file coords.txt (compact mmCIF, C-alpha atoms and all ligand atoms)
# COMPACT_ATOMS: atom_id res chain seq x y z
CA MET A 1 109.33 93.88 133.44
CA LYS A 2 112.46 95.88 134.11
CA HIS A 3 110.93 98.75 132.17
CA ILE A 4 107.82 99.30 134.24
CA ARG A 5 109.30 101.73 136.71
CA ILE A 6 110.87 103.93 134.04
CA ILE A 7 107.62 103.88 132.08
CA ALA A 8 105.77 105.20 135.13
CA LYS A 9 108.23 108.08 135.16
CA ASP A 10 107.76 108.65 131.42
CA ILE A 11 104.04 109.08 131.99
CA LYS A 12 104.67 111.78 134.58
CA GLU A 13 107.11 113.54 132.29
CA LEU A 14 104.93 113.58 129.21
CA PRO A 15 103.83 117.20 128.70
CA PRO A 16 100.10 117.31 129.47
CA LEU A 17 97.45 118.20 126.94
CA PRO A 18 96.94 121.95 126.80
CA GLU A 19 94.37 123.53 129.04
CA VAL A 20 91.99 124.08 126.14
CA ALA A 21 91.59 120.33 125.76
CA GLN A 22 90.39 120.14 129.35
CA LYS A 23 88.02 122.99 128.60
CA VAL A 24 86.65 121.03 125.65
CA PHE A 25 86.04 118.04 127.88
CA SER A 26 84.13 120.08 130.41
CA LEU A 27 82.05 121.58 127.63
CA LEU A 28 81.28 118.10 126.36
CA HIS A 29 80.13 117.14 129.83
CA ASP A 30 77.98 120.17 130.21
CA PRO A 31 76.62 121.46 126.93
CA LYS A 32 75.09 124.45 128.70
CA SER A 33 78.47 125.81 129.71
CA ASN A 34 79.74 128.72 127.74
CA VAL A 35 81.71 128.12 124.55
CA GLN A 36 82.90 131.73 124.63
CA ASP A 37 85.11 130.83 127.60
CA LEU A 38 86.83 128.33 125.37
CA VAL A 39 87.33 130.84 122.60
CA LYS A 40 88.87 133.26 125.09
CA VAL A 41 91.37 130.70 126.32
CA ILE A 42 92.45 129.81 122.78
CA GLN A 43 92.87 133.46 121.84
CA LEU A 44 95.49 133.85 124.54
CA ASP A 45 97.68 131.52 122.54
CA GLN A 46 98.53 133.06 119.20
CA ALA A 47 100.24 130.04 117.71
CA MET A 48 97.31 127.83 118.60
CA THR A 49 94.81 130.29 117.21
CA ALA A 50 96.72 130.46 113.96
CA ASN A 51 96.90 126.69 113.70
CA ILE A 52 93.23 126.24 114.41
CA LEU A 53 92.31 128.80 111.79
CA ARG A 54 94.60 127.12 109.30
CA LEU A 55 92.78 123.83 109.88
CA CYS A 56 89.38 125.52 109.64
CA ASN A 57 90.38 126.91 106.27
CA SER A 58 91.69 123.61 104.95
CA ALA A 59 90.00 121.90 102.02
CA TYR A 60 88.59 119.25 104.32
CA PHE A 61 86.00 121.59 105.81
CA GLY A 62 85.12 123.04 102.44
CA LEU A 63 84.28 126.54 103.63
CA LYS A 64 83.38 128.85 100.79
CA ARG A 65 85.33 131.78 102.09
CA LYS A 66 88.45 132.17 104.16
CA ILE A 67 87.79 132.84 107.81
CA SER A 68 90.03 134.86 110.05
CA SER A 69 88.58 134.57 113.53
CA LEU A 70 87.50 131.89 115.97
CA GLN A 71 84.09 133.54 116.18
CA GLU A 72 83.61 132.98 112.47
CA ALA A 73 84.77 129.39 112.84
CA LEU A 74 82.22 128.85 115.54
CA VAL A 75 79.44 130.25 113.42
CA LEU A 76 80.35 128.49 110.19
CA LEU A 77 81.57 125.13 111.47
CA GLY A 78 79.64 124.82 114.70
CA GLN A 79 80.78 123.96 118.17
CA LYS A 80 81.22 120.23 117.54
CA LYS A 81 83.61 120.69 114.63
CA LEU A 82 85.52 123.38 116.48
CA HIS A 83 86.01 120.99 119.39
CA GLU A 84 87.30 118.35 117.03
CA ILE A 85 89.73 120.77 115.46
CA ILE A 86 91.02 121.89 118.86
CA MET A 87 91.57 118.31 119.98
CA THR A 88 93.29 117.46 116.71
CA ASP A 89 95.59 120.43 117.08
CA SER A 90 96.32 119.65 120.73
CA SER A 91 97.22 116.01 120.22
CA ASN A 92 99.38 116.36 117.13
CA LYS A 93 102.60 117.05 119.00
CA TYR A 94 102.59 113.66 120.72
CA TYR A 95 102.10 111.62 117.61
CA LYS A 96 104.23 113.29 115.04
CA LYS A 97 107.49 111.67 116.01
CA ALA A 98 106.26 108.46 117.63
CA GLY A 99 105.85 105.02 116.16
CA LEU A 100 109.30 103.78 115.15
CA GLY A 101 109.14 100.73 117.42
CA TYR A 102 105.95 99.71 115.69
CA ASN A 103 107.47 99.70 112.20
CA LEU A 104 105.72 102.95 111.51
CA GLU A 105 107.40 105.72 109.61
CA LYS A 106 107.35 109.21 110.97
CA GLY A 107 103.84 110.61 110.69
CA GLU A 108 102.12 107.27 110.17
CA LEU A 109 100.82 106.99 113.72
CA TRP A 110 99.39 110.47 113.33
CA LYS A 111 97.72 109.54 110.08
CA HIS A 112 96.30 106.42 111.71
CA SER A 113 94.92 108.44 114.60
CA VAL A 114 93.30 111.10 112.44
CA ALA A 115 91.90 108.45 110.10
CA CYS A 116 90.33 106.63 113.06
CA ALA A 117 88.81 109.85 114.34
CA LEU A 118 87.33 110.72 110.94
CA LEU A 119 86.12 107.16 110.51
CA SER A 120 84.34 107.21 113.87
CA GLN A 121 82.20 110.07 112.61
CA ILE A 122 81.64 108.37 109.25
CA LEU A 123 80.37 105.27 111.06
CA VAL A 124 77.90 107.37 113.01
CA GLN A 125 76.66 109.16 109.90
CA LYS A 126 76.48 106.18 107.58
CA THR A 127 75.21 103.46 109.84
CA GLY A 128 73.02 105.35 112.27
CA LEU A 129 75.11 104.50 115.32
CA PRO A 130 74.44 106.91 118.19
CA GLU A 131 76.44 110.11 118.45
CA ASP A 132 78.65 110.35 121.47
CA PRO A 133 80.52 113.51 122.34
CA PHE A 134 83.60 111.53 123.39
CA LEU A 135 83.79 109.21 120.42
CA PHE A 136 85.91 111.45 118.20
CA ASN A 137 88.41 112.02 121.00
CA ALA A 138 88.59 108.38 121.95
CA ALA A 139 89.32 107.45 118.35
CA LEU A 140 91.90 110.21 118.02
CA LEU A 141 93.72 109.28 121.20
CA HIS A 142 93.26 105.50 121.32
CA ASP A 143 96.95 104.77 120.62
CA ILE A 144 98.39 107.48 122.85
CA GLY A 145 100.14 104.72 124.81
CA LYS A 146 102.30 104.00 121.76
CA VAL A 147 103.87 107.42 122.14
CA ILE A 148 105.72 106.13 125.19
CA LEU A 149 105.78 102.41 124.56
CA SER A 150 107.30 102.75 121.09
CA THR A 151 110.79 103.16 122.55
CA TYR A 152 110.49 100.00 124.62
CA VAL A 153 108.90 98.01 121.82
CA ARG A 154 111.91 98.97 119.75
CA THR A 155 114.36 97.67 122.33
CA GLU A 156 112.47 94.40 122.81
CA TYR A 157 111.33 94.09 119.21
CA ASP A 158 112.85 90.69 118.43
CA GLN A 159 111.28 89.04 121.44
CA ILE A 160 107.87 90.57 120.79
CA ILE A 161 107.91 89.57 117.14
CA ARG A 162 108.97 86.05 118.02
CA LEU A 163 105.77 85.64 120.05
CA VAL A 164 103.70 87.10 117.23
CA LYS A 165 105.29 84.97 114.53
CA GLU A 166 105.89 81.71 116.26
CA GLN A 167 103.15 81.57 118.84
CA GLN A 168 100.42 83.57 117.09
CA TYR A 169 100.22 86.15 119.83
CA PRO A 170 98.28 89.30 119.00
CA PHE A 171 100.80 92.16 119.04
CA LEU A 172 99.17 93.67 122.13
CA GLN A 173 99.55 90.53 124.24
CA ALA A 174 103.13 90.16 123.09
CA GLU A 175 103.87 93.68 124.33
CA LYS A 176 102.34 92.89 127.67
CA GLU A 177 104.22 89.63 128.03
CA ILE A 178 107.62 91.05 127.16
CA ILE A 179 107.47 94.62 128.48
CA GLY A 180 104.99 94.07 131.30
CA ILE A 181 102.46 96.57 130.03
CA ASP A 182 100.71 97.01 126.68
CA HIS A 183 100.00 100.28 124.86
CA ALA A 184 96.27 100.20 125.64
CA GLU A 185 96.83 99.92 129.37
CA LEU A 186 99.61 102.47 129.22
CA GLY A 187 97.40 104.82 127.21
CA ALA A 188 94.72 104.57 129.86
CA ARG A 189 97.29 105.49 132.53
CA ILE A 190 98.30 108.55 130.54
CA ALA A 191 94.63 109.46 130.19
CA GLU A 192 94.20 109.17 133.94
CA GLU A 193 97.29 111.23 134.59
CA TRP A 194 95.78 113.92 132.37
CA ASN A 195 92.43 113.74 134.17
CA PHE A 196 90.56 112.57 131.13
CA PRO A 197 86.88 111.73 131.57
CA GLU A 198 86.25 108.15 132.62
CA ALA A 199 84.62 107.30 129.28
CA LEU A 200 87.84 108.13 127.45
CA VAL A 201 90.08 106.27 129.87
CA GLU A 202 87.97 103.15 129.41
CA ALA A 203 87.79 103.39 125.66
CA ILE A 204 91.57 103.73 125.40
CA ALA A 205 92.11 100.81 127.77
CA GLN A 206 89.73 98.56 125.86
CA HIS A 207 90.31 99.48 122.25
CA HIS A 208 91.79 96.10 121.33
CA VAL A 209 89.59 93.96 123.55
CA PRO A 210 86.38 95.91 124.01
CA ASP A 211 83.67 95.19 126.50
CA THR A 212 80.63 94.77 124.24
CA GLU A 213 78.60 96.84 126.69
CA ASN A 214 80.84 99.83 126.09
CA TYR A 215 79.72 101.60 122.94
CA ILE A 216 82.73 103.88 122.54
CA SER A 217 85.26 101.08 123.00
CA CYS A 218 83.45 98.93 120.46
CA THR A 219 83.32 101.67 117.87
CA VAL A 220 86.95 102.66 118.35
CA HIS A 221 87.90 98.99 118.11
CA LEU A 222 86.26 98.83 114.70
CA CYS A 223 87.82 102.06 113.49
CA ASN A 224 91.24 100.76 114.45
CA LEU A 225 90.75 97.47 112.61
CA MET A 226 89.37 99.10 109.50
CA THR A 227 92.23 101.56 109.21
CA ILE A 228 94.91 98.91 109.68
CA MET A 229 93.18 96.75 107.09
CA MET A 230 93.41 99.73 104.74
CA GLY A 231 97.12 99.94 105.42
CA ILE A 232 96.90 103.15 107.44
CA GLY A 233 99.27 102.72 110.36
CA THR A 234 99.45 98.98 109.85
CA GLY A 235 103.05 98.67 110.99
CA TYR A 236 104.13 95.09 111.51
CA GLY A 237 100.83 93.69 110.33
CA LEU A 238 97.30 92.77 111.29
CA ALA A 239 98.17 90.70 114.38
CA ASP A 240 95.05 91.66 116.23
CA TYR A 241 91.70 90.02 116.94
CA GLY A 242 88.61 91.11 115.06
CA LYS A 243 85.66 90.63 117.35
CA ASP A 244 82.53 89.47 115.60
CA ASP A 245 80.48 90.03 118.76
CA VAL A 246 81.28 93.75 118.50
CA MET A 247 79.74 93.81 115.04
CA LYS A 248 76.67 91.97 116.28
CA LYS A 249 76.31 94.26 119.25
CA LEU A 250 76.48 97.36 117.06
CA GLY A 251 74.17 95.76 114.50
CA LEU A 252 76.65 96.18 111.66
CA LYS A 253 77.26 94.05 108.58
CA GLU A 254 80.23 93.63 106.24
CA LYS A 255 78.70 96.04 103.77
CA HIS A 256 78.69 98.76 106.43
CA LEU A 257 82.40 98.33 106.99
CA GLU A 258 83.05 98.43 103.28
CA SER A 259 81.01 101.51 102.54
CA CYS A 260 82.58 103.34 105.47
CA MET A 261 86.04 102.44 104.19
CA VAL A 262 85.13 103.89 100.81
CA GLU A 263 83.92 107.05 102.48
CA LEU A 264 87.08 107.31 104.55
CA TRP A 265 89.24 107.01 101.47
CA ASP A 266 87.27 109.84 99.94
CA GLU A 267 87.60 112.07 103.00
CA LEU A 268 91.31 111.41 103.31
CA GLN A 269 91.82 112.86 99.84
CA GLN A 270 90.54 116.15 101.22
CA ALA A 271 92.31 115.90 104.55
CA GLU A 272 95.89 116.47 103.47
CA GLU A 273 96.23 119.51 105.67
CA LEU A 274 95.15 117.52 108.73
CA LEU A 275 97.39 114.61 107.90
CA LYS A 276 100.66 116.33 107.12
CA TYR A 277 100.72 118.86 109.92
CA MET B 1 118.61 106.02 87.58
CA ALA B 2 115.43 104.20 88.42
CA SER B 3 112.48 106.48 88.80
CA LYS B 4 110.18 105.39 91.58
CA LEU B 5 106.47 105.83 90.92
CA VAL B 6 104.39 105.40 94.04
CA VAL B 7 100.97 103.82 93.69
CA SER B 8 98.85 104.79 96.67
CA ILE B 9 95.81 102.99 98.01
CA ALA B 10 92.99 102.77 95.45
CA ASP B 11 95.34 103.92 92.74
CA MET B 12 97.18 102.46 89.77
CA CYS B 13 100.02 103.19 87.41
CA VAL B 14 100.97 101.80 84.01
CA SER B 15 104.30 102.46 82.34
CA ASN B 16 106.62 101.45 79.53
CA ASP B 17 109.58 103.48 80.82
CA PRO B 18 112.36 100.91 81.33
CA SER B 19 113.85 102.94 84.17
CA ALA B 20 110.58 103.08 86.11
CA VAL B 21 109.85 101.12 89.27
CA LEU B 22 106.24 101.04 90.36
CA ILE B 23 105.88 100.60 94.08
CA THR B 24 102.96 100.31 96.47
CA TYR B 25 103.27 100.36 100.25
CA SER B 26 101.31 98.98 103.14
CA LEU B 27 99.04 96.37 101.64
CA GLY B 28 96.89 95.16 104.53
CA SER B 29 93.67 93.52 103.41
CA CYS B 30 94.12 95.36 100.11
CA ILE B 31 95.70 93.54 97.17
CA GLY B 32 98.41 94.70 94.82
CA VAL B 33 97.98 93.45 91.24
CA SER B 34 100.99 93.57 88.97
CA ILE B 35 100.70 92.85 85.24
CA TYR B 36 103.56 92.73 82.75
CA ASP B 37 103.98 92.02 79.09
CA PRO B 38 107.62 90.93 78.58
CA VAL B 39 107.56 91.41 74.81
CA VAL B 40 106.68 95.09 74.73
CA LYS B 41 107.96 95.62 78.30
CA VAL B 42 104.84 97.31 79.55
CA GLY B 43 103.69 96.87 83.10
CA GLY B 44 101.13 98.12 85.56
CA LEU B 45 100.43 98.03 89.25
CA LEU B 46 97.05 98.41 90.94
CA HIS B 47 96.39 98.76 94.69
CA LEU B 48 92.78 97.73 95.15
CA MET B 49 90.90 98.07 98.39
CA LEU B 50 87.59 96.21 98.15
CA PRO B 51 86.10 93.37 96.10
CA GLU B 52 82.99 94.77 94.48
CA SER B 53 81.95 98.18 93.25
CA LYS B 54 78.26 97.59 93.87
CA ILE B 55 78.82 98.75 97.44
CA ALA B 56 79.31 102.31 96.14
CA PRO B 57 78.72 102.63 92.38
CA ASP B 58 79.06 106.42 92.41
CA LYS B 59 82.48 106.23 94.06
CA ALA B 60 83.51 103.48 91.66
CA GLU B 61 82.73 105.77 88.80
CA LYS B 62 84.92 108.48 90.29
CA ASN B 63 87.71 106.08 91.14
CA PRO B 64 87.49 102.59 89.64
CA CYS B 65 90.81 101.62 91.25
CA MET B 66 89.13 101.20 94.60
CA PHE B 67 87.51 97.91 93.64
CA ALA B 68 88.67 94.65 92.11
CA ASP B 69 85.83 94.41 89.61
CA THR B 70 86.36 97.89 88.18
CA GLY B 71 90.10 98.33 88.83
CA VAL B 72 91.40 95.21 87.09
CA PRO B 73 89.68 95.85 83.73
CA LEU B 74 90.97 99.42 83.80
CA LEU B 75 94.51 98.23 84.56
CA PHE B 76 94.46 95.94 81.52
CA LYS B 77 92.90 98.58 79.30
CA GLU B 78 95.63 101.05 80.18
CA ALA B 79 98.31 98.48 79.42
CA TYR B 80 96.73 97.69 76.03
CA LYS B 81 97.17 101.34 75.10
CA TYR B 82 100.91 100.76 75.25
CA GLY B 83 100.68 97.69 73.08
CA ALA B 84 100.46 95.02 75.76
CA ASP B 85 98.68 91.81 74.90
CA LYS B 86 96.45 89.85 77.26
CA LYS B 87 97.86 86.49 76.20
CA ARG B 88 101.39 87.49 77.12
CA MET B 89 100.55 89.12 80.42
CA ILE B 90 102.33 87.89 83.54
CA ILE B 91 100.19 88.43 86.60
CA LYS B 92 101.42 88.56 90.16
CA ILE B 93 99.37 89.48 93.19
CA ALA B 94 100.13 90.12 96.85
CA GLY B 95 98.24 91.24 99.94
CA GLY B 96 94.84 90.19 101.24
CA SER B 97 95.89 89.91 104.87
CA GLN B 98 93.38 89.32 107.60
CA VAL B 99 93.07 90.17 111.24
CA MET B 100 93.20 87.17 113.53
CA ASP B 101 90.06 85.06 113.91
CA ALA B 102 88.56 86.78 110.93
CA SER B 103 85.79 84.26 110.68
CA GLY B 104 82.98 86.43 109.49
CA PHE B 105 82.95 90.17 109.33
CA PHE B 106 86.57 91.00 108.93
CA ASN B 107 87.51 88.78 106.02
CA ILE B 108 87.81 91.56 103.47
CA GLY B 109 91.29 90.30 102.54
CA LYS B 110 89.91 86.93 101.61
CA ARG B 111 87.00 88.38 99.70
CA ASN B 112 89.33 90.62 97.74
CA TYR B 113 91.26 87.52 96.74
CA MET B 114 88.11 85.57 95.78
CA ALA B 115 86.89 88.48 93.68
CA LEU B 116 90.22 88.63 91.84
CA ARG B 117 90.23 84.90 91.16
CA LYS B 118 86.74 85.16 89.75
CA ILE B 119 87.65 88.04 87.45
CA PHE B 120 90.77 86.35 86.13
CA TRP B 121 89.03 83.05 85.69
CA LYS B 122 86.17 84.61 83.75
CA ASN B 123 88.63 86.39 81.50
CA ASP B 124 90.71 83.33 80.94
CA VAL B 125 93.94 84.59 82.45
CA LEU B 126 96.13 82.87 84.98
CA ILE B 127 97.63 84.25 88.14
CA ASN B 128 101.31 83.38 87.73
CA LYS B 129 102.50 84.12 91.25
CA GLU B 130 100.82 85.12 94.46
CA ASP B 131 101.56 85.87 98.08
CA ILE B 132 98.24 86.18 99.83
CA GLY B 133 96.80 86.12 103.34
CA GLY B 134 98.27 85.80 106.79
CA ASN B 135 98.30 88.81 109.06
CA VAL B 136 101.31 90.54 107.57
CA ASN B 137 101.88 93.92 105.96
CA ARG B 138 103.28 93.92 102.43
CA THR B 139 105.09 96.31 100.13
CA MET B 140 105.27 95.37 96.46
CA CYS B 141 107.14 96.77 93.49
CA LEU B 142 107.43 96.09 89.77
CA GLU B 143 110.51 96.91 87.69
CA ILE B 144 109.36 97.90 84.24
CA GLY B 145 112.76 97.22 82.64
CA THR B 146 112.89 93.60 83.75
CA GLY B 147 109.37 92.69 84.83
CA HIS B 148 110.70 91.56 88.18
CA VAL B 149 108.32 91.88 91.10
CA TYR B 150 109.72 92.30 94.57
CA LEU B 151 107.93 91.87 97.82
CA LYS B 152 108.70 93.02 101.30
CA VAL B 153 106.65 91.24 103.94
CA SER B 154 106.41 93.00 107.32
CA ASP B 155 109.92 93.35 108.69
CA ARG B 156 111.52 90.61 106.59
CA GLU B 157 114.06 91.06 103.80
CA GLU B 158 112.81 91.79 100.33
CA ILE B 159 112.20 88.74 98.14
CA GLU B 160 111.38 88.25 94.48
CA LEU B 161 107.87 87.09 93.72
FE FE A 301 96.17 100.09 119.52
FE FE A 302 95.39 101.93 116.57
call {"tool": "encode", "arguments": {"input": "coords.txt", "output": "structure tokens", "more": "lines below"}}
Ligand SMILES: [Fe+2]
Ligand SMILES: [Fe+2]
result
Amino acid sequence: MKHIRIIAKDIKELPPLPEVAQKVFSLLHDPKSNVQDLVKVIQLDQAMTANILRLCNSAYFGLKRKISSLQEALVLLGQKKLHEIIMTDSSNKYYKKAGLGYNLEKGELWKHSVACALLSQILVQKTGLPEDPFLFNAALLHDIGKVILSTYVRTEYDQIIRLVKEQQYPFLQAEKEIIGIDHAELGARIAEEWNFPEALVEAIAQHHVPDTENYISCTVHLCNLMTIMMGIGTGYGLADYGKDDVMKKLGLKEKHLESCMVELWDELQQAEELLKY
Amino acid sequence: MASKLVVSIADMCVSNDPSAVLITYSLGSCIGVSIYDPVVKVGGLLHLMLPESKIAPDKAEKNPCMFADTGVPLLFKEAYKYGADKKRMIIKIAGGSQVMDASGFFNIGKRNYMALRKIFWKNDVLINKEDIGGNVNRTMCLEIGTGHVYLKVSDREEIEL
């Protein structure tokens, strides 16, 4: 509990997502708004433009020729993909060093986050779940709370693990009990601090214990479980509840999970550029 | 100097180089299958992801290592190329973890294990050692020179399997 006040300060001190991310969110809210405004804002930042173009040209997107401008990217990849690339680029800096407290090597939390984001889109494509403009972002940012909490989990690791090992606590509840806040709740506070849309705040807050009425939370919950089962960002282990009612609510069967995992494996082979950063 | 050969997810490696150590990280619900023939000192390690290839036959063709039913036969076949013999093979498996309360949909770890048992049983081979289930994360390695298999379970010290 002693940590809570310092954590509140950490949230305030975390550098906010770049302005372009906010622009993406407002575009997602209002599809009629002008994507050219977004392009203009990105172009002001040379480093960001270069990074985004590098991602656009990576094997993952399979473009036949090399592109050299955001306009081309927009034409060839479409607005949705460009949004995803911008969000991926914007969130990388938080994840790349975080995760030590969770038994994750450098870069593993990033890999987990990108894998979840890719998987969320695979689920939509392969199982006919509805598209949602915020789903990709929710999956990408679901563990943002770990960026801050990692340090505290590290300090209190022995106590947390004792609850997990000896009393069969899910890791999340053990965090809450020992530190006073868990990474889902903390992530939601960060999302609020950054003025994220409500849908994202909720999905981050609920990603381990989703409200079955909330489609994004349920889907992100599944993506998280599937990736940790595959050993991507598993950390200490699989000390987390799998909610069968989520599967029922989404109308999914085991075979859906399995075929989406196969697809994810396949996509990850192409996604090296996204994963290494 | 031991040369470390990393086996990633849905991947395998077979070797007869006595200085080689085959290692696979982060086995969640996936299972690591280690085989070793102590006479010719040939060993292999497979990191399989799912039980049955029928879920995606086209992908299985591209990469048989993804599935138990296509990966295991391939692992043995590769080892035979180096002179290994089925009757002498020592088999050790680890992984197959589950999320908590995995009653129905999330029991991929358990189904991976059942699929493996079925394959080995049908082919008349025994699993010599295993460390399966729970909700832990495992790292497994096989020393080709000695045939020793070591296991690191979550944050615990490494043990021999
Ligand atoms: Fe989480
Ligand atoms: Fe996660």
call {"tool": "residues_near_ligand", "arguments": {"input": "coords.txt", "ligand": "ligand FE 302 (chain A)", "cutoff": "12 Å", "atoms": "only C-alpha atoms and all ligand atoms", "output": "ChimeraX atom specification"}}
result
/A:95,99,102,104,108-117,138-147,171-172,183-184,187,203-208,220-229,231-235,237-240
call {"tool": "write_last_selection", "arguments": {"input": "coords.txt", "atoms": "C-alpha atoms", "output": "PDB file, in the coordinates of the input"}}
result
ATOM      1  CA  TYR A  95     102.100 111.620 117.610  1.00  0.00           C
ATOM      2  CA  GLY A  99     105.850 105.020 116.160  1.00  0.00           C
ATOM      3  CA  TYR A 102     105.950  99.710 115.690  1.00  0.00           C
ATOM      4  CA  LEU A 104     105.720 102.950 111.510  1.00  0.00           C
ATOM      5  CA  GLU A 108     102.120 107.270 110.170  1.00  0.00           C
ATOM      6  CA  LEU A 109     100.820 106.990 113.720  1.00  0.00           C
ATOM      7  CA  TRP A 110      99.390 110.470 113.330  1.00  0.00           C
ATOM      8  CA  LYS A 111      97.720 109.540 110.080  1.00  0.00           C
ATOM      9  CA  HIS A 112      96.300 106.420 111.710  1.00  0.00           C
ATOM     10  CA  SER A 113      94.920 108.440 114.600  1.00  0.00           C
ATOM     11  CA  VAL A 114      93.300 111.100 112.440  1.00  0.00           C
ATOM     12  CA  ALA A 115      91.900 108.450 110.100  1.00  0.00           C
ATOM     13  CA  CYS A 116      90.330 106.630 113.060  1.00  0.00           C
ATOM     14  CA  ALA A 117      88.810 109.850 114.340  1.00  0.00           C
ATOM     15  CA  ALA A 138      88.590 108.380 121.950  1.00  0.00           C
ATOM     16  CA  ALA A 139      89.320 107.450 118.350  1.00  0.00           C
ATOM     17  CA  LEU A 140      91.900 110.210 118.020  1.00  0.00           C
ATOM     18  CA  LEU A 141      93.720 109.280 121.200  1.00  0.00           C
ATOM     19  CA  HIS A 142      93.260 105.500 121.320  1.00  0.00           C
ATOM     20  CA  ASP A 143      96.950 104.770 120.620  1.00  0.00           C
ATOM     21  CA  ILE A 144      98.390 107.480 122.850  1.00  0.00           C
ATOM     22  CA  GLY A 145     100.140 104.720 124.810  1.00  0.00           C
ATOM     23  CA  LYS A 146     102.300 104.000 121.760  1.00  0.00           C
ATOM     24  CA  VAL A 147     103.870 107.420 122.140  1.00  0.00           C
ATOM     25  CA  PHE A 171     100.800  92.160 119.040  1.00  0.00           C
ATOM     26  CA  LEU A 172      99.170  93.670 122.130  1.00  0.00           C
ATOM     27  CA  HIS A 183     100.000 100.280 124.860  1.00  0.00           C
ATOM     28  CA  ALA A 184      96.270 100.200 125.640  1.00  0.00           C
ATOM     29  CA  GLY A 187      97.400 104.820 127.210  1.00  0.00           C
ATOM     30  CA  ALA A 203      87.790 103.390 125.660  1.00  0.00           C
ATOM     31  CA  ILE A 204      91.570 103.730 125.400  1.00  0.00           C
ATOM     32  CA  ALA A 205      92.110 100.810 127.770  1.00  0.00           C
ATOM     33  CA  GLN A 206      89.730  98.560 125.860  1.00  0.00           C
ATOM     34  CA  HIS A 207      90.310  99.480 122.250  1.00  0.00           C
ATOM     35  CA  HIS A 208      91.790  96.100 121.330  1.00  0.00           C
ATOM     36  CA  VAL A 220      86.950 102.660 118.350  1.00  0.00           C
ATOM     37  CA  HIS A 221      87.900  98.990 118.110  1.00  0.00           C
ATOM     38  CA  LEU A 222      86.260  98.830 114.700  1.00  0.00           C
ATOM     39  CA  CYS A 223      87.820 102.060 113.490  1.00  0.00           C
ATOM     40  CA  ASN A 224      91.240 100.760 114.450  1.00  0.00           C
ATOM     41  CA  LEU A 225      90.750  97.470 112.610  1.00  0.00           C
ATOM     42  CA  MET A 226      89.370  99.100 109.500  1.00  0.00           C
ATOM     43  CA  THR A 227      92.230 101.560 109.210  1.00  0.00           C
ATOM     44  CA  ILE A 228      94.910  98.910 109.680  1.00  0.00           C
ATOM     45  CA  MET A 229      93.180  96.750 107.090  1.00  0.00           C
ATOM     46  CA  GLY A 231      97.120  99.940 105.420  1.00  0.00           C
ATOM     47  CA  ILE A 232      96.900 103.150 107.440  1.00  0.00           C
ATOM     48  CA  GLY A 233      99.270 102.720 110.360  1.00  0.00           C
ATOM     49  CA  THR A 234      99.450  98.980 109.850  1.00  0.00           C
ATOM     50  CA  GLY A 235     103.050  98.670 110.990  1.00  0.00           C
ATOM     51  CA  GLY A 237     100.830  93.690 110.330  1.00  0.00           C
ATOM     52  CA  LEU A 238      97.300  92.770 111.290  1.00  0.00           C
ATOM     53  CA  ALA A 239      98.170  90.700 114.380  1.00  0.00           C
ATOM     54  CA  ASP A 240      95.050  91.660 116.230  1.00  0.00           C
TER      55      ASP A 240
END
call {"tool": "atom_distance", "arguments": {"input": "coords.txt", "atom1": "CA of Val201 (chain A)", "atom2": "CA of Leu82 (chain A)"}}
result
22.2 Å
call {"tool": "closest_residue", "arguments": {"input": "coords.txt", "among": "B:Lys118, B:His148, B:His47, B:Lys92", "to": "chain A", "atoms": "only C-alpha atoms"}}
result
B:His47
call {"tool": "axis_aligned_box", "arguments": {"input": "coords.txt", "around": "region 121-127 of chain B", "padding_each_side": "5 Å", "output": "lines of an AutoDock Vina configuration file"}}
result
center_x = 91.9
center_y = 84.6
center_z = 84.5
size_x = 21.5
size_y = 13.5
size_z = 17.2
call {"tool": "atom_distance", "arguments": {"input": "coords.txt", "atom1": "CA of Pro51 (chain B)", "atom2": "CA of Lys255 (chain A)"}}
result
11.0 Å
call {"tool": "residues_around", "arguments": {"input": "coords.txt", "residues": "Pro73 (chain B)", "least_positions_apart": "5", "cutoff": "9 Å", "atoms": "only C-alpha atoms", "output": "list of chain:residue names"}}
result
B:Ala68, B:Glu78, B:Ile119
call {"tool": "atom_distance", "arguments": {"input": "coords.txt", "atom1": "CA of Tyr157 (chain A)", "atom2": "CA of Met100 (chain B)"}}
result
20.2 Å
call {"tool": "closest_residue", "arguments": {"input": "coords.txt", "among": "B:Arg88, B:Leu5, B:Gly83, B:Ile93", "to": "Ile127 (chain B)", "atoms": "all atoms listed in the file"}}
result
B:Ile93
call {"tool": "residues_around", "arguments": {"input": "coords.txt", "residues": "region 15-20 of chain A", "least_positions_apart": "5", "cutoff": "10 Å", "atoms": "only C-alpha atoms", "output": "PyMOL selection string"}}
result
chain A and resi 10+25-26+37-42+48+83+86-87+89-91+93-94+190-191+193-196
call {"tool": "interface_residues", "arguments": {"input": "coords.txt", "of": "chain B", "to": "chain A", "cutoff": "7 Å", "atoms": "only C-alpha atoms", "output": "PyMOL selection string"}}
result
chain B and resi 26-30+55-56+98-102+104-106+135-137+154-155
call {"tool": "residues_around", "arguments": {"input": "coords.txt", "residues": "Leu126 (chain B)", "least_positions_apart": "2", "cutoff": "10 Å", "atoms": "all atoms listed in the file", "output": "number ranges by chain"}}
result
B: 87, 89-92, 117, 120-121, 123-124, 128-129
call {"tool": "closest_residue", "arguments": {"input": "coords.txt", "among": "A:Thr155, A:Gln121, A:Leu186, A:Val24", "to": "ligand FE 301 (chain A)", "atoms": "only C-alpha atoms and all ligand atoms"}}
result
A:Leu186
call {"tool": "residues_around", "arguments": {"input": "coords.txt", "residues": "Glu52 (chain B)", "least_positions_apart": "3", "cutoff": "10 Å", "atoms": "all atoms listed in the file", "output": "list in words"}}
result
Glu258 of chain A; Met49, Ile55, Ala56, Pro57, Ala60, Met66, Phe67, Ala68, Asp69, Thr70, Gly71, Arg111, Asn112, Ala115 and Leu116 of chain B
